[in-house]
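Text of final.tsv, listed as TSV, C-alpha atoms:
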```tsv
chain	number	residue	atom	x	y	z
A	289	MET	CA	-15.22	-17.00	-5.74
A	290	LYS	CA	-16.61	-14.89	-2.92
A	291	LEU	CA	-15.80	-11.21	-2.58
A	292	ALA	CA	-14.38	-11.90	0.90
A	293	GLU	CA	-11.59	-14.03	-0.61
A	294	ILE	CA	-10.51	-11.23	-2.94
A	295	ILE	CA	-10.67	-8.66	-0.15
A	296	LYS	CA	-8.64	-10.89	2.16
A	297	TYR	CA	-5.79	-11.06	-0.35
A	298	LEU	CA	-5.91	-7.34	-1.23
A	299	GLU	CA	-5.83	-6.28	2.40
A	300	GLN	CA	-2.80	-8.48	3.05
A	301	ALA	CA	-0.92	-7.22	-0.02
A	302	VAL	CA	-2.10	-3.60	0.23
A	303	PRO	CA	-3.21	-3.11	3.87
A	304	LEU	CA	-5.89	-0.54	4.61
A	305	SER	CA	-3.72	0.66	7.49
A	306	TYR	CA	-1.33	2.09	4.88
A	307	GLN	CA	-3.87	4.62	3.61
A	308	GLU	CA	-3.76	8.27	4.65
A	309	SER	CA	-6.03	9.43	7.47
A	310	TYR	CA	-8.26	11.42	5.08
A	311	ASP	CA	-8.77	8.50	2.69
A	312	ASN	CA	-11.61	6.02	2.18
A	313	SER	CA	-10.06	2.94	0.61
A	314	GLY	CA	-11.63	-0.50	0.92
A	315	LEU	CA	-15.07	-1.91	0.22
A	316	LEU	CA	-17.42	0.98	-0.56
A	317	VAL	CA	-20.43	-0.85	-2.00
A	318	GLY	CA	-21.36	-4.51	-1.73
A	319	ASP	CA	-21.60	-7.58	0.47
A	320	GLU	CA	-18.50	-9.63	1.26
A	321	THR	CA	-20.52	-12.83	0.98
A	322	MET	CA	-21.54	-12.20	-2.66
A	323	ARG	CA	-20.08	-14.45	-5.34
A	324	ILE	CA	-17.93	-12.62	-7.91
A	325	ASN	CA	-18.31	-13.50	-11.58
A	326	SER	CA	-15.94	-11.00	-13.18
A	327	VAL	CA	-13.91	-7.99	-12.07
A	328	LEU	CA	-13.49	-4.67	-13.86
A	329	THR	CA	-10.48	-2.47	-12.98
A	330	CYS	CA	-10.42	1.30	-13.50
A	331	LEU	CA	-8.88	4.55	-12.31
A	332	ASP	CA	-12.19	6.31	-11.58
A	333	CYS	CA	-15.59	4.75	-10.99
A	334	THR	CA	-17.92	6.80	-13.19
A	335	GLU	CA	-21.41	6.17	-14.58
A	336	GLU	CA	-19.80	5.08	-17.85
A	337	VAL	CA	-17.60	2.60	-15.98
A	338	ILE	CA	-20.65	1.18	-14.18
A	339	GLN	CA	-22.32	0.70	-17.57
A	340	ASP	CA	-19.14	-0.93	-18.87
A	341	ALA	CA	-19.30	-3.36	-15.94
A	342	ILE	CA	-22.96	-4.11	-16.70
A	343	ASP	CA	-22.22	-4.68	-20.39
A	344	LYS	CA	-19.32	-7.00	-19.56
A	345	LYS	CA	-21.24	-8.80	-16.80
A	346	CYS	CA	-18.77	-7.76	-14.08
A	347	ASN	CA	-20.18	-7.59	-10.56
A	348	LEU	CA	-17.06	-6.16	-8.90
A	349	ILE	CA	-15.31	-2.92	-9.80
A	350	ILE	CA	-11.89	-2.21	-8.31
A	351	SER	CA	-10.93	1.43	-8.77
A	352	HIS	CA	-8.03	3.55	-7.63
A	353	HIS	CA	-10.00	6.64	-6.62
A	354	PRO	CA	-12.81	6.02	-4.10
A	355	ILE	CA	-16.18	7.09	-5.51
A	356	ILE	CA	-17.32	7.72	-1.92
A	357	PHE	CA	-14.73	10.11	-0.52
A	358	LYS	CA	-16.83	12.41	1.64
A	359	SER	CA	-19.85	11.24	3.58
A	360	ILE	CA	-23.10	10.80	1.67
A	361	LYS	CA	-26.10	12.23	3.52
A	362	GLN	CA	-28.64	11.30	0.88
A	363	LEU	CA	-28.88	8.75	-1.93
A	364	VAL	CA	-31.33	10.46	-4.28
A	365	ASN	CA	-29.62	10.28	-7.70
A	366	ARG	CA	-28.73	13.98	-7.91
A	367	SER	CA	-24.93	14.15	-7.82
A	368	TYR	CA	-22.65	12.01	-9.97
A	369	VAL	CA	-21.47	10.19	-6.81
A	370	GLU	CA	-25.04	9.33	-5.82
A	371	ARG	CA	-25.88	8.20	-9.37
A	372	VAL	CA	-22.84	5.89	-9.51
A	373	VAL	CA	-23.59	4.33	-6.12
A	374	PHE	CA	-27.31	4.05	-6.88
A	375	LYS	CA	-26.65	2.35	-10.23
A	376	ALA	CA	-24.10	-0.03	-8.66
A	377	ILE	CA	-26.54	-1.10	-5.93
A	378	LYS	CA	-29.40	-1.43	-8.43
A	379	ASN	CA	-27.29	-3.78	-10.56
A	380	ASN	CA	-25.75	-5.70	-7.65
A	381	ILE	CA	-22.22	-4.45	-8.40
A	382	ALA	CA	-19.66	-4.16	-5.60
A	383	ILE	CA	-17.11	-1.33	-5.59
A	384	TYR	CA	-13.71	-1.55	-3.90
A	385	ALA	CA	-11.03	1.17	-3.88
A	386	LEU	CA	-7.24	0.87	-3.63
A	387	HIS	CA	-6.19	4.48	-3.18
A	388	THR	CA	-3.45	5.90	-0.95
A	389	ASN	CA	-2.70	2.43	0.45
A	390	LEU	CA	-1.67	1.50	-3.11
A	391	ASP	CA	0.18	4.83	-3.42
A	392	ASN	CA	2.16	4.06	-0.27
A	393	ILE	CA	3.70	0.69	-1.15
A	394	LEU	CA	6.97	0.46	-3.08
A	395	ASP	CA	5.39	-1.74	-5.74
A	396	GLY	CA	2.48	0.66	-6.13
A	397	VAL	CA	1.33	3.62	-8.20
A	398	SER	CA	4.60	5.53	-8.51
A	399	TYR	CA	6.62	2.36	-9.12
A	400	THR	CA	4.75	1.92	-12.41
A	401	PHE	CA	6.42	5.14	-13.58
A	402	SER	CA	9.90	3.89	-12.66
A	403	GLU	CA	9.28	0.66	-14.60
A	404	ARG	CA	8.16	2.45	-17.74
A	405	ILE	CA	10.97	5.02	-17.64
A	406	GLY	CA	13.58	2.35	-16.79
A	407	LEU	CA	14.90	3.71	-13.49
A	408	SER	CA	17.33	1.76	-11.33
A	409	ASN	CA	18.09	1.99	-7.59
A	410	VAL	CA	14.42	2.80	-7.02
A	411	LYS	CA	13.32	3.59	-3.47
A	412	ILE	CA	10.46	5.36	-1.75
A	413	LEU	CA	10.90	9.13	-1.84
A	414	LYS	CA	9.45	9.79	1.62
A	415	LYS	CA	9.12	6.85	3.98
A	416	LYS	CA	6.62	6.76	6.79
A	417	ASN	CA	7.91	6.49	10.36
A	418	GLU	CA	5.07	4.22	11.39
A	419	GLY	CA	3.48	0.88	10.69
A	420	LEU	CA	6.02	-1.31	12.50
A	421	SER	CA	5.89	-2.96	15.93
A	422	LYS	CA	8.18	-5.24	17.91
A	423	LEU	CA	7.14	-8.40	19.71
A	424	ILE	CA	9.14	-9.54	22.75
A	425	THR	CA	8.18	-12.86	24.28
A	426	TYR	CA	9.68	-15.62	26.44
A	427	VAL	CA	9.66	-19.21	25.24
A	428	PRO	CA	10.63	-22.59	26.79
A	429	LYS	CA	13.56	-24.03	24.81
A	430	LYS	CA	11.54	-27.07	23.76
A	431	TYR	CA	9.02	-24.82	21.95
A	432	PHE	CA	11.40	-22.21	20.57
A	433	ASN	CA	11.72	-23.45	16.96
A	434	LYS	CA	7.99	-24.10	16.66
A	435	ILE	CA	7.01	-20.64	17.89
A	436	GLN	CA	9.70	-18.80	15.94
A	437	THR	CA	8.71	-20.59	12.71
A	438	SER	CA	4.99	-19.97	13.25
A	439	LEU	CA	5.65	-16.24	13.70
A	440	PHE	CA	7.80	-16.14	10.57
A	441	ASN	CA	5.01	-17.88	8.64
A	442	VAL	CA	2.48	-15.12	9.36
A	443	GLY	CA	4.84	-12.33	8.25
A	444	ALA	CA	6.82	-11.39	11.36
A	445	GLY	CA	10.58	-10.98	11.08
A	446	LYS	CA	10.76	-9.09	7.78
A	447	ILE	CA	13.13	-6.14	7.43
A	448	GLY	CA	12.68	-4.19	4.21
A	449	ASP	CA	12.12	-6.09	0.96
A	450	LYS	CA	15.33	-8.13	0.99
A	451	TYR	CA	15.39	-9.90	4.37
A	452	ASP	CA	12.98	-12.15	6.19
A	453	GLN	CA	13.11	-14.55	9.16
A	454	CYS	CA	14.94	-11.87	11.14
A	455	SER	CA	14.91	-12.17	14.94
A	456	PHE	CA	17.05	-11.79	18.03
A	457	TYR	CA	17.09	-14.22	20.94
A	458	ASN	CA	19.09	-14.99	24.05
A	459	ASP	CA	18.88	-17.36	27.04
A	460	GLY	CA	17.58	-16.40	30.44
A	461	ILE	CA	15.66	-17.54	33.49
A	462	GLY	CA	11.97	-16.80	33.95
A	463	THR	CA	10.25	-17.01	37.33
A	464	PHE	CA	6.61	-17.37	38.24
A	465	ARG	CA	4.31	-18.73	40.92
A	466	PRO	CA	1.07	-20.42	39.79
A	467	LEU	CA	-1.79	-19.48	42.11
A	468	GLU	CA	-4.52	-21.83	43.32
A	469	GLU	CA	-6.75	-21.66	40.21
A	470	ALA	CA	-3.86	-21.88	37.71
A	471	ASN	CA	-3.20	-24.86	35.48
A	472	PRO	CA	0.56	-24.49	34.88
A	473	TYR	CA	2.46	-26.15	32.03
A	474	ILE	CA	5.36	-26.60	34.46
A	475	GLY	CA	5.67	-26.08	38.21
A	476	GLU	CA	3.25	-26.48	41.11
A	477	ASN	CA	0.51	-24.30	42.48
A	478	ASN	CA	1.57	-21.83	45.15
A	479	LYS	CA	5.27	-22.61	44.62
A	480	LYS	CA	7.73	-20.29	42.91
A	481	THR	CA	9.25	-21.84	39.76
A	482	ALA	CA	12.40	-20.86	37.86
A	483	GLN	CA	12.42	-21.97	34.21
A	484	LYS	CA	15.06	-21.73	31.50
A	485	GLU	CA	13.56	-19.67	28.70
A	486	ILE	CA	14.58	-17.95	25.49
A	487	LYS	CA	13.78	-14.29	25.02
A	488	LEU	CA	12.59	-13.85	21.40
A	489	GLU	CA	12.30	-10.49	19.63
A	490	LEU	CA	10.86	-9.84	16.16
A	491	ILE	CA	9.65	-6.85	14.14
A	492	PHE	CA	6.35	-7.09	12.30
A	493	PRO	CA	3.98	-4.81	10.36
A	494	THR	CA	1.49	-3.42	12.86
A	495	PHE	CA	-1.52	-4.48	10.79
A	496	LEU	CA	-0.49	-8.12	11.46
A	497	GLN	CA	-0.71	-7.72	15.25
A	498	LYS	CA	-3.87	-9.81	15.72
A	499	LYS	CA	-2.39	-12.67	13.70
A	500	VAL	CA	0.95	-12.48	15.49
A	501	ILE	CA	-0.67	-12.60	18.94
A	502	SER	CA	-3.05	-15.36	17.87
A	503	VAL	CA	-0.26	-17.56	16.51
A	504	LEU	CA	1.87	-16.93	19.59
A	505	HIS	CA	-0.94	-18.09	21.89
A	506	GLN	CA	-1.78	-21.09	19.71
A	507	ASN	CA	1.77	-22.44	19.83
A	508	HIS	CA	2.96	-21.40	23.29
A	509	PRO	CA	2.48	-23.97	26.08
A	510	TYR	CA	2.00	-21.47	28.90
A	511	GLU	CA	-1.45	-20.72	30.25
A	512	GLU	CA	-0.57	-17.03	30.44
A	513	VAL	CA	1.88	-15.97	27.71
A	514	ALA	CA	4.18	-13.11	28.74
A	515	HIS	CA	4.77	-10.75	25.85
A	516	GLU	CA	5.26	-7.09	24.99
A	517	ILE	CA	4.18	-5.15	21.88
A	518	ILE	CA	6.21	-2.01	21.28
A	519	PRO	CA	5.19	0.52	18.56
A	520	LEU	CA	8.25	1.60	16.58
A	521	LYS	CA	9.17	4.84	14.86
A	522	ASN	CA	11.58	3.15	12.46
A	523	PRO	CA	11.14	4.21	8.82
A	524	ASN	CA	9.00	1.53	7.20
A	525	ASN	CA	9.20	0.45	3.57
A	526	ILE	CA	6.00	2.33	2.85
A	527	GLY	CA	5.52	5.94	1.90
A	528	SER	CA	5.00	8.42	-0.92
A	529	GLY	CA	6.61	8.77	-4.33
A	530	VAL	CA	9.73	7.17	-5.74
A	531	ILE	CA	13.23	8.28	-6.60
A	532	GLY	CA	15.72	6.48	-8.82
A	533	ASP	CA	18.43	6.83	-11.44
A	534	LEU	CA	18.50	6.76	-15.21
A	535	ASN	CA	21.11	4.30	-16.47
A	536	ASP	CA	22.98	7.18	-18.12
A	537	LYS	CA	22.67	10.94	-17.99
A	538	MET	CA	20.07	12.17	-20.46
A	539	ASP	CA	19.55	15.52	-22.12
A	540	VAL	CA	16.49	17.17	-20.59
A	541	PHE	CA	14.65	17.44	-23.93
A	542	ASP	CA	15.43	13.83	-24.78
A	543	PHE	CA	14.02	12.91	-21.38
A	544	PHE	CA	10.83	14.87	-22.08
A	545	LYS	CA	10.46	12.88	-25.34
A	546	LEU	CA	10.92	9.62	-23.42
A	547	LEU	CA	8.45	10.78	-20.79
A	548	LYS	CA	5.82	11.69	-23.38
A	549	LYS	CA	6.27	8.30	-25.10
A	550	GLU	CA	6.01	6.20	-21.93
A	551	ILE	CA	3.64	8.39	-19.88
A	552	PRO	CA	1.55	10.13	-22.54
A	553	TYR	CA	0.46	13.63	-21.59
A	554	SER	CA	-1.03	16.66	-23.33
A	555	ILE	CA	0.77	19.47	-21.54
A	556	LEU	CA	3.93	19.57	-19.43
A	557	LYS	CA	4.27	22.62	-17.18
A	558	HIS	CA	7.78	23.08	-15.83
A	559	THR	CA	10.09	25.50	-14.04
A	560	ASN	CA	13.33	26.84	-15.54
A	561	LEU	CA	15.43	24.09	-17.06
A	562	ILE	CA	18.36	24.73	-14.77
A	563	LYS	CA	20.02	21.41	-15.67
A	564	LYS	CA	20.86	20.32	-19.20
A	565	ASP	CA	21.44	16.67	-18.25
A	566	LEU	CA	19.28	14.60	-15.93
A	567	LYS	CA	20.25	11.53	-13.91
A	568	LYS	CA	18.28	11.33	-10.65
A	569	ILE	CA	14.51	11.34	-11.19
A	570	ALA	CA	11.76	11.74	-8.57
A	571	PHE	CA	8.09	11.04	-9.23
A	572	CYS	CA	4.77	10.91	-7.41
A	573	GLY	CA	1.50	9.80	-8.95
A	574	GLY	CA	-1.44	12.11	-8.24
A	575	SER	CA	-1.14	15.32	-6.23
A	576	GLY	CA	2.49	15.65	-5.24
A	577	SER	CA	3.35	19.19	-4.16
A	578	PHE	CA	3.91	17.96	-0.57
A	579	LEU	CA	7.04	16.13	-1.74
A	580	ILE	CA	8.84	19.01	-3.47
A	581	ASN	CA	11.25	19.67	-0.59
A	582	GLU	CA	11.88	15.94	-0.15
A	583	ALA	CA	12.86	15.64	-3.82
A	584	ILE	CA	15.22	18.63	-3.41
A	585	ASN	CA	16.76	17.22	-0.22
A	586	GLN	CA	17.44	13.88	-1.89
A	587	GLY	CA	19.23	15.52	-4.81
A	588	ALA	CA	16.74	14.86	-7.59
A	589	ASP	CA	17.45	16.68	-10.85
A	590	ILE	CA	13.75	16.74	-11.73
A	591	TYR	CA	10.54	16.02	-9.84
A	592	ILE	CA	7.48	14.99	-11.86
A	593	SER	CA	3.98	14.98	-10.41
A	594	SER	CA	0.73	16.91	-10.76
A	595	ASP	CA	-1.64	19.50	-9.28
A	596	PHE	CA	1.12	22.02	-8.51
A	597	LYS	CA	-0.33	25.41	-7.62
A	598	TYR	CA	1.16	28.61	-8.98
A	599	HIS	CA	3.18	29.32	-5.85
A	600	ASP	CA	4.40	25.71	-5.62
A	601	PHE	CA	6.58	26.28	-8.67
A	602	PHE	CA	8.54	28.97	-6.80
A	603	GLU	CA	9.71	26.29	-4.36
A	604	ALA	CA	12.05	24.96	-7.04
A	605	ASP	CA	14.21	27.97	-6.13
A	606	GLY	CA	16.86	27.13	-8.74
A	607	LYS	CA	17.58	23.77	-7.09
A	608	ILE	CA	15.44	21.40	-9.13
A	609	ILE	CA	13.22	21.18	-12.19
A	610	LEU	CA	9.54	20.76	-11.32
A	611	ALA	CA	7.28	19.24	-13.95
A	612	ASP	CA	3.49	18.89	-13.78
A	613	ILE	CA	1.98	16.55	-16.39
A	614	GLY	CA	-1.55	16.26	-14.98
A	615	HIS	CA	-3.26	14.14	-12.32
A	616	TYR	CA	-4.89	11.63	-14.65
A	617	GLU	CA	-1.71	11.36	-16.68
A	618	THR	CA	0.47	10.40	-13.70
A	619	GLU	CA	-2.00	7.65	-12.71
A	620	GLN	CA	-3.24	6.46	-16.10
A	621	PHE	CA	-1.62	3.02	-15.72
A	622	VAL	CA	-2.94	2.27	-12.22
A	623	ALA	CA	-5.95	0.31	-13.49
A	624	GLU	CA	-3.57	-1.88	-15.48
A	625	ARG	CA	-1.43	-2.44	-12.36
A	626	ILE	CA	-4.49	-3.51	-10.36
A	627	TYR	CA	-5.42	-5.80	-13.26
A	628	ARG	CA	-1.96	-7.43	-13.18
A	629	ILE	CA	-2.06	-7.88	-9.39
A	630	LEU	CA	-5.37	-9.71	-9.66
A	631	LYS	CA	-4.41	-11.87	-12.65
A	632	LYS	CA	-1.16	-12.92	-10.99
A	633	ASN	CA	-2.81	-13.99	-7.75
A	634	PHE	CA	-6.18	-15.16	-9.10
A	635	PRO	CA	-5.32	-16.73	-12.48
A	636	LYS	CA	-8.75	-18.37	-12.82
A	637	LEU	CA	-10.65	-15.17	-12.03
A	638	ASP	CA	-12.09	-13.28	-15.00
A	639	VAL	CA	-10.51	-9.81	-14.77
A	640	ILE	CA	-11.13	-7.08	-17.35
A	641	LEU	CA	-9.33	-3.75	-17.76
A	642	THR	CA	-11.84	-1.06	-18.68
A	643	ASN	CA	-11.24	0.90	-21.86
A	644	ILE	CA	-13.29	3.87	-20.63
A	645	ASP	CA	-11.29	7.11	-20.54
A	646	THR	CA	-12.27	8.74	-17.25
A	647	ASN	CA	-10.11	11.86	-17.54
A	648	PRO	CA	-12.48	14.77	-16.81
A	649	ILE	CA	-10.09	17.31	-18.36
A	650	SER	CA	-9.87	18.17	-22.06
A	651	TYR	CA	-7.25	20.41	-23.68
A	652	TYR	CA	-7.73	22.87	-26.53
```
Mind converting the file's structure to structure tokens?
Amino acid sequence: MKLAEIIKYLEQAVPLSYQESYDNSGLLVGDETMRINSVLTCLDCTEEVIQDAIDKKCNLIISHHPIIFKSIKQLVNRSYVERVVFKAIKNNIAIYALHTNLDNILDGVSYTFSERIGLSNVKILKKKNEGLSKLITYVPKKYFNKIQTSLFNVGAGKIGDKYDQCSFYNDGIGTFRPLEEANPYIGENNKKTAQKEIKLELIFPTFLQKKVISVLHQNHPYEEVAHEIIPLKNPNNIGSGVIGDLNDKMDVFDFFKLLKKEIPYSILKHTNLIKKDLKKIAFCGGSGSFLINEAINQGADIYISSDFKYHDFFEADGKIILADIGHYETEQFVAERIYRILKKNFPKLDVILTNIDTNPISYY
């Protein structure tokens, strides 16, 4: 299997357009035309992980954190980033990262937490008001079903996770005059034509725009296809963190025991335990201080994440319990999630989950 085939699937399931502006997800090292023997999944791409890939004869590593985050001005084997990249190139190993684009899908990094804890009514904590567009086009009645179906087939017409094949249409009259050089589907050159048409409207993820336009042109009979693309500010089903409910209220200390069992951690730093019983739980894998106010506004009893600074804890302000369990700890199951995604969609591909512990922090 070629690397391009794997990338094509990943960038449909976890589009690069979903990553944050500061991020560097995607193919970092390698050639899309190379043939992949085996894949190694990991949280961080370290020198030890590269060696693990060499030992296991894997020539593709898919990590969560991008090893190349800031620009590299030299490749001289001095820093750990340079050594990793140098060793990967030397051993013909490709590196691909699924970072904040994987964070920002509902079935992504934070969702793993909700599965392990057993939350229900899970939704994205802070949705993004971007990533959606609307197509408006005008179709002869004879071609309506064909065009509508072709657009549905490439992913247009989905609203949320529970509805697809959504559209709006109504009848109308379109007018046009083909000029001398035109080759009209209907009508005559230099004569105004009125044609019964159907106005068709569909929402689609913006990253599909090229496909949507291509399919529209392939199936529409007109020489010049009238259409509009309108960027939307509707909340999309992508964004940061998750929030959900425990099946029953749980004593805060019993919850901490459950948390430690399902999401093992060494230290839990928390604010005052202002609530004895917990029901609504918010979580964000990785650095999550930017979601504190969102968790408060949505009525979470506790918000669990990592990398809270000293002054971040004051933002709890007696309204919520904040708990920091560590960056690595909140994302420790991401490599396994990437592994499952690949095995589900490429059952014949040899995929291996690394057993290298890449946590750079030790506790005394």
Interatomic distance, CA of Glu469 (chain A) to CA of Glu512 (chain A) (Å, one decimal):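 Interatomic distance, CA of Glu469 (chain A) to CA of Glu512 (chain A): 12.5 Å.
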One-decimal distance in Å that lies between CA of Lys358 (chain A) and CA of Leu579 (chain A):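 Taking CA of Leu579 (chain A) and CA of Lys358 (chain A), their separation equals 24.4 Å.
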Ser575 (chain A) surroundings by all atoms listed in the file, 12 Å radius, close-in-sequence under 6 positions cut, as a VMD selection string: chain A and resid 388 391 398 528 to 529 592 to 597 600 612 to 619
task: Select all residues near (5.2, -18.1, 20.6) (cut-off 10 Å, inclusive, file coordinates), counting all atoms listed in the file, and output them as a PyMOL selection string.
output: chain A and resi 423-428+431-439+488+500-510+513-515
Using the selection just defined, write its residues with C-alpha atoms as a PDB file, keeping the file's coordinate frame.
```
ATOM      1  CA  LEU A 423       7.140  -8.400  19.710  1.00  0.00           C
ATOM      2  CA  ILE A 424       9.140  -9.540  22.750  1.00  0.00           C
ATOM      3  CA  THR A 425       8.180 -12.860  24.280  1.00  0.00           C
ATOM      4  CA  TYR A 426       9.680 -15.620  26.440  1.00  0.00           C
ATOM      5  CA  VAL A 427       9.660 -19.210  25.240  1.00  0.00           C
ATOM      6  CA  PRO A 428      10.630 -22.590  26.790  1.00  0.00           C
ATOM      7  CA  TYR A 431       9.020 -24.820  21.950  1.00  0.00           C
ATOM      8  CA  PHE A 432      11.400 -22.210  20.570  1.00  0.00           C
ATOM      9  CA  ASN A 433      11.720 -23.450  16.960  1.00  0.00           C
ATOM     10  CA  LYS A 434       7.990 -24.100  16.660  1.00  0.00           C
ATOM     11  CA  ILE A 435       7.010 -20.640  17.890  1.00  0.00           C
ATOM     12  CA  GLN A 436       9.700 -18.800  15.940  1.00  0.00           C
ATOM     13  CA  THR A 437       8.710 -20.590  12.710  1.00  0.00           C
ATOM     14  CA  SER A 438       4.990 -19.970  13.250  1.00  0.00           C
ATOM     15  CA  LEU A 439       5.650 -16.240  13.700  1.00  0.00           C
ATOM     16  CA  LEU A 488      12.590 -13.850  21.400  1.00  0.00           C
ATOM     17  CA  VAL A 500       0.950 -12.480  15.490  1.00  0.00           C
ATOM     18  CA  ILE A 501      -0.670 -12.600  18.940  1.00  0.00           C
ATOM     19  CA  SER A 502      -3.050 -15.360  17.870  1.00  0.00           C
ATOM     20  CA  VAL A 503      -0.260 -17.560  16.510  1.00  0.00           C
ATOM     21  CA  LEU A 504       1.870 -16.930  19.590  1.00  0.00           C
ATOM     22  CA  HIS A 505      -0.940 -18.090  21.890  1.00  0.00           C
ATOM     23  CA  GLN A 506      -1.780 -21.090  19.710  1.00  0.00           C
ATOM     24  CA  ASN A 507       1.770 -22.440  19.830  1.00  0.00           C
ATOM     25  CA  HIS A 508       2.960 -21.400  23.290  1.00  0.00           C
ATOM     26  CA  PRO A 509       2.480 -23.970  26.080  1.00  0.00           C
ATOM     27  CA  TYR A 510       2.000 -21.470  28.900  1.00  0.00           C
ATOM     28  CA  VAL A 513       1.880 -15.970  27.710  1.00  0.00           C
ATOM     29  CA  ALA A 514       4.180 -13.110  28.740  1.00  0.00           C
ATOM     30  CA  HIS A 515       4.770 -10.750  25.850  1.00  0.00           C
TER      31      HIS A 515
END
```
Length of the CA of Val327 (chain A) to CA of Ala301 (chain A) vector [Å]: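 We find that CA of Val327 (chain A) and CA of Ala301 (chain A) lie 17.7 Å from each other.
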message: Which residue is closest to Gly573 (chain A)? Choose from A:Glu476, A:Val622, A:Leu546, A:Ser359 and count only C-alpha atoms.
response: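 Among the listed residues, the smallest separation from Gly573 (chain A) belongs to A:Val622.
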field: Selected residue of minimal separation from Cys333 (chain A) among A:Val410, A:Leu363, A:Ala376, A:Leu467, counting all atoms listed in the file
entry: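 Comparing A:Val410, A:Leu363, A:Ala376, A:Leu467 against Cys333 (chain A), the winner is A:Ala376.
With only C-alpha atoms taken into account, the protein and nucleic acid residues at most 9 Å from Ile393 (chain A) (excluding it and anything under 2 positions from it in its own chain) are Val302, Tyr306, Thr388, Asn389, Leu390, Asp391, Asp395, Gly396, Val397, Ser398, Tyr399, Ile412, Asn525, Ile526, Gly527 and Ser528 of chain A.
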Using only C-alpha atoms, give me every residue within 6 Å of (-21.5, 13.1, -2.9) in file coordinates, as a compact mmCIF listing (two decimals) with C-alpha atoms, keeping the file's coordinate frame.
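Saved to result_14.txt:
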```txt
# COMPACT_ATOMS: atom_id res chain seq x y z
CA ILE A 360 -23.10 10.80 1.67
CA VAL A 369 -21.47 10.19 -6.81
CA GLU A 370 -25.04 9.33 -5.82
```
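Each of A:Phe578, A:Phe440, A:Tyr451, A:Tyr384 was compared to Ile350 (chain A) using all atoms listed in the file, and A:Tyr384 turns out to be the nearest.
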message: Taking 6 positions as the minimum chain separation for residues in the same chain, which residues sit within 8 Å of Leu534 (chain A) when counting all atoms listed in the file? Answer as a PyMOL selection string.
response: chain A and resi 406-408+566-569
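Nearest residue to Leu386 (chain A), choosing from A:Val540, A:Ile356, A:Val317, A:Leu298 and counting all atoms listed in the file: A:Leu298.
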message: Neighbouring residues of Phe602 (chain A) were defined as those with any atom within 12 Å, considering all atoms listed in the file; residues of the same chain fewer than 6 positions away were excluded. Please report them as a ChimeraX atom specification.
response: /A:558-560,577,580-581,596,608-610
Could you pull region 339-350 of chain A out of the structure just shown and give N, CA and C atoms as a PDB file, in the first residue's frame?
```pdb
ATOM      1  N   GLN A 339      13.757   4.179  16.802  1.00  0.00           N
ATOM      2  CA  GLN A 339      14.455   2.888  16.921  1.00  0.00           C
ATOM      3  C   GLN A 339      13.450   1.746  17.016  1.00  0.00           C
ATOM      4  N   ASP A 340      12.349   1.980  17.717  1.00  0.00           N
ATOM      5  CA  ASP A 340      11.297   0.963  17.816  1.00  0.00           C
ATOM      6  C   ASP A 340      10.743   0.646  16.428  1.00  0.00           C
ATOM      7  N   ALA A 341      10.563   1.688  15.614  1.00  0.00           N
ATOM      8  CA  ALA A 341      10.083   1.482  14.242  1.00  0.00           C
ATOM      9  C   ALA A 341      11.097   0.685  13.427  1.00  0.00           C
ATOM     10  N   ILE A 342      12.375   0.998  13.596  1.00  0.00           N
ATOM     11  CA  ILE A 342      13.428   0.265  12.878  1.00  0.00           C
ATOM     12  C   ILE A 342      13.423  -1.206  13.286  1.00  0.00           C
ATOM     13  N   ASP A 343      13.351  -1.436  14.607  1.00  0.00           N
ATOM     14  CA  ASP A 343      13.379  -2.813  15.119  1.00  0.00           C
ATOM     15  C   ASP A 343      12.178  -3.625  14.631  1.00  0.00           C
ATOM     16  N   LYS A 344      11.031  -2.947  14.483  1.00  0.00           N
ATOM     17  CA  LYS A 344       9.806  -3.643  14.083  1.00  0.00           C
ATOM     18  C   LYS A 344       9.533  -3.542  12.584  1.00  0.00           C
ATOM     19  N   LYS A 345      10.527  -2.993  11.861  1.00  0.00           N
ATOM     20  CA  LYS A 345      10.454  -2.896  10.400  1.00  0.00           C
ATOM     21  C   LYS A 345       9.242  -2.089   9.923  1.00  0.00           C
ATOM     22  N   CYS A 346       8.952  -1.011  10.654  1.00  0.00           N
ATOM     23  CA  CYS A 346       7.878  -0.088  10.269  1.00  0.00           C
ATOM     24  C   CYS A 346       8.507   1.083   9.496  1.00  0.00           C
ATOM     25  N   ASN A 347       7.923   1.427   8.369  1.00  0.00           N
ATOM     26  CA  ASN A 347       8.471   2.568   7.622  1.00  0.00           C
ATOM     27  C   ASN A 347       7.505   3.756   7.577  1.00  0.00           C
ATOM     28  N   LEU A 348       6.500   3.737   8.458  1.00  0.00           N
ATOM     29  CA  LEU A 348       5.627   4.891   8.671  1.00  0.00           C
ATOM     30  C   LEU A 348       5.313   5.000  10.147  1.00  0.00           C
ATOM     31  N   ILE A 349       5.550   6.180  10.704  1.00  0.00           N
ATOM     32  CA  ILE A 349       5.163   6.480  12.088  1.00  0.00           C
ATOM     33  C   ILE A 349       4.053   7.513  12.042  1.00  0.00           C
ATOM     34  N   ILE A 350       2.946   7.221  12.726  1.00  0.00           N
ATOM     35  CA  ILE A 350       1.873   8.205  12.861  1.00  0.00           C
ATOM     36  C   ILE A 350       1.809   8.588  14.335  1.00  0.00           C
TER      37      ILE A 350
END
```
